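Heads up: the structure comes next, in structure tokens.
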Amino acid sequence: MNNVFKTAAAAVSVVFLLEGCIKEATPTDVATEDQVSLETTVRGIPAALVQAGSTGYANQGAAWDFALPAIHLATESMTGDLVVTGNIGYDWFSQWGTNDALGADYAVGALTWDNYYTWIMMANSVISQIDASDLSSLESDEKTYLGFAYAYRAMFYFDLVRLYEFKKNTVTQADDVLGLGVPIVLPETTEAQAKNNPRAKVDDIYDTVIFPDLDMAEELLATYAAPDKYTISLAFVYGMKARAYLERGTAFNDAGNTAESVSAYKSAAEYARKAITASGCTPLTQDQWEDPINGFNNAGSNNAWIWGLALPSESVTNLFCFTAHMSCENDWAPYHAGRGISRNLYNSINLKDFRRHSWLDPDRGSYDYKSCRDDADKYFAESLADYANIKFRPAQGAYEAYNVGGAADHCCMRVEEMYFIEAEATAQAGDLAGGISLLNDFMTSYRMMDGASYDCSARSTTLSSFINELMLQKRIEFWGEGIVMFDMKRLDMSSKRGYVGTNAPASYRLNVDGRAPYWNFVITRGETQNNPVIATQNNPDPSGRIEPWNG
């Protein structure tokens, strides 16, 4: 893991100083690690999460190299719900979308492995600078920074485990790595130890890092009031606990540990409700959802986001940002005809559900679509394919200026997710009627138009059928946001882009019975070379193992 130490040191030396809130971050001169202050380091973490060229492959023209937003786009590309509706030659995420070249020898593996371990080392740097043996003796700022660092580190390990844990599927087999997560690197881990650092057990990572870190963050941030949506808050920590307990509930259930499963699910529901309450957030309204200027690009334009990342205009390029690849309304990147929703998923959306308006209906006259463009009617009719998305808008509606339109905030957690976790966890813990009621209430109160109501009772006669219905609504709700693939992997769900009438390009029409093998990410060759024990513990390469459906 020598490469991890090297990339981490580089990241620490190029952190971002802040004047005021994190939204206003600007790059500073390179400094040595000894010169970087505690505040600079901790506040540099969210800046690093949106850094273009974070793995170094941007210099080689890899337009997928823009940190966490790119990771979210990669995982979305691995579901059957996101479809490339334009020229696939412009799709920089095609390897994830077509299950091609995802093995250890390919550069794309650096997007997840190198980034997350760099960010972990940044969090470790903060933790190592503060003596936490007596929390009561810490200054207020020290407690806050330490709380941030523990929350970040928990999130990073949580994501890594969900990405790299090998889960059984119908395509690849690797019984010898079942139950293994990723290597644990802590502040006290030496470079020599990192070079012989095997994959830790998933259970141990949760028990020794993820939950203890979240417990520490909860204690340290108990009285902290975050000044904005760009700053870690107690509500975010609660939300992370809800995510983690939901994941553990399913794992315990799959292992036949019923009592532990029920307990974890109850904790997931409890912390989801705590996140809702502590955040004071409310779900997006129809006007906010469809806002042509601020739609899914401005944390300050709504009361739904619990935590998001800011991308300063000074850091924007016309290719290395989320908006360049996901917004279909901009004129400054070759992706404006690029990404839409699977036809089957679109057709499953209730006509009275306003979320349907996030994608263009084949009948453009079915709804008065809002747009930041002056030529919207003509543009939507002549330039965009059916089912293209208009969910993610150019920042400030600037569809002609990349340095403005690309500077979009990136949502990492919004309150709606907590409603879905609470509903699922309640049902999974044994109260199916309660879960149904929670989903019905959310959908009727926050997503239906013109006084229409939603009731999934008839479609939810069993727990399994309810989970399918809840996941249908969750897939619609969080399309494009980097959330759903993790749920699909957790729940052993099938992914399907090949069907009669599909709008997916031929090479993307992958059908998998149960979880896809490519949801078990492969560790990079760079890591296996520097940490040889990992070479014997890698996940199998899934690349090319599934023939595209050809009708």
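Residue numbering restarts at 1 in every chain; chains get A, B, ... in the order shown in the structure tokens, and ligands count up from 1 in that same order.
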What are the closest atom pairs, with distances in Å to one decimal, for each residue of segment 383-468 of chain A lying within 8 Å of segment 363-378 of chain A, using only C-alpha atoms, rows by chain and rising residue number, as JSON lines?
```
{"residue": "A:Ser383", "atom": "CA", "partner": "A:Lys378", "partner_atom": "CA", "distance": 7.7}
{"residue": "A:Arg393", "atom": "CA", "partner": "A:Cys372", "partner_atom": "CA", "distance": 8.0}
{"residue": "A:Gly397", "atom": "CA", "partner": "A:Cys372", "partner_atom": "CA", "distance": 5.1}
{"residue": "A:Ala398", "atom": "CA", "partner": "A:Cys372", "partner_atom": "CA", "distance": 7.6}
{"residue": "A:Tyr399", "atom": "CA", "partner": "A:Arg373", "partner_atom": "CA", "distance": 7.1}
```
### Message
Need to verify the contact set: Ala244 of chain A, 12 Å, only C-alpha atoms, exclusion of same-chain residues closer than 3 positions in sequence. Can you return it as number ranges by chain?
### Response
A: 154-159, 161-162, 203, 205-207, 209-214, 237-241, 247-251, 264-269, 271-272, 421, 425, 486-487, 490
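Minimum atom-to-atom distances from A:Asn344, A:Val83, A:Trp92, A:Asp441 to Gly61 of chain A were compared using only C-alpha atoms, and the lowest value belongs to A:Trp92.
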### Message
Rounded to one decimal, what separation in Å do you get between atom CA of Ala62 of chain A and atom CA of Gly86 of chain A?
### Response
19.2 Å
### All residues 10 Å or closer to Met449 of chain A, only C-alpha atoms, same chain fewer than 5 positions away omitted, as a PyMOL selection string
chain A and resi 286+351-355+444
### Query
segment 426-429 of chain A: which residues within 12 Å, counting only C-alpha atoms, same-chain residues fewer than 5 positions away excluded, as number ranges by chain?
A: 242, 245-250, 252-253, 258-273, 418-421, 434-439, 460-467, 470, 491
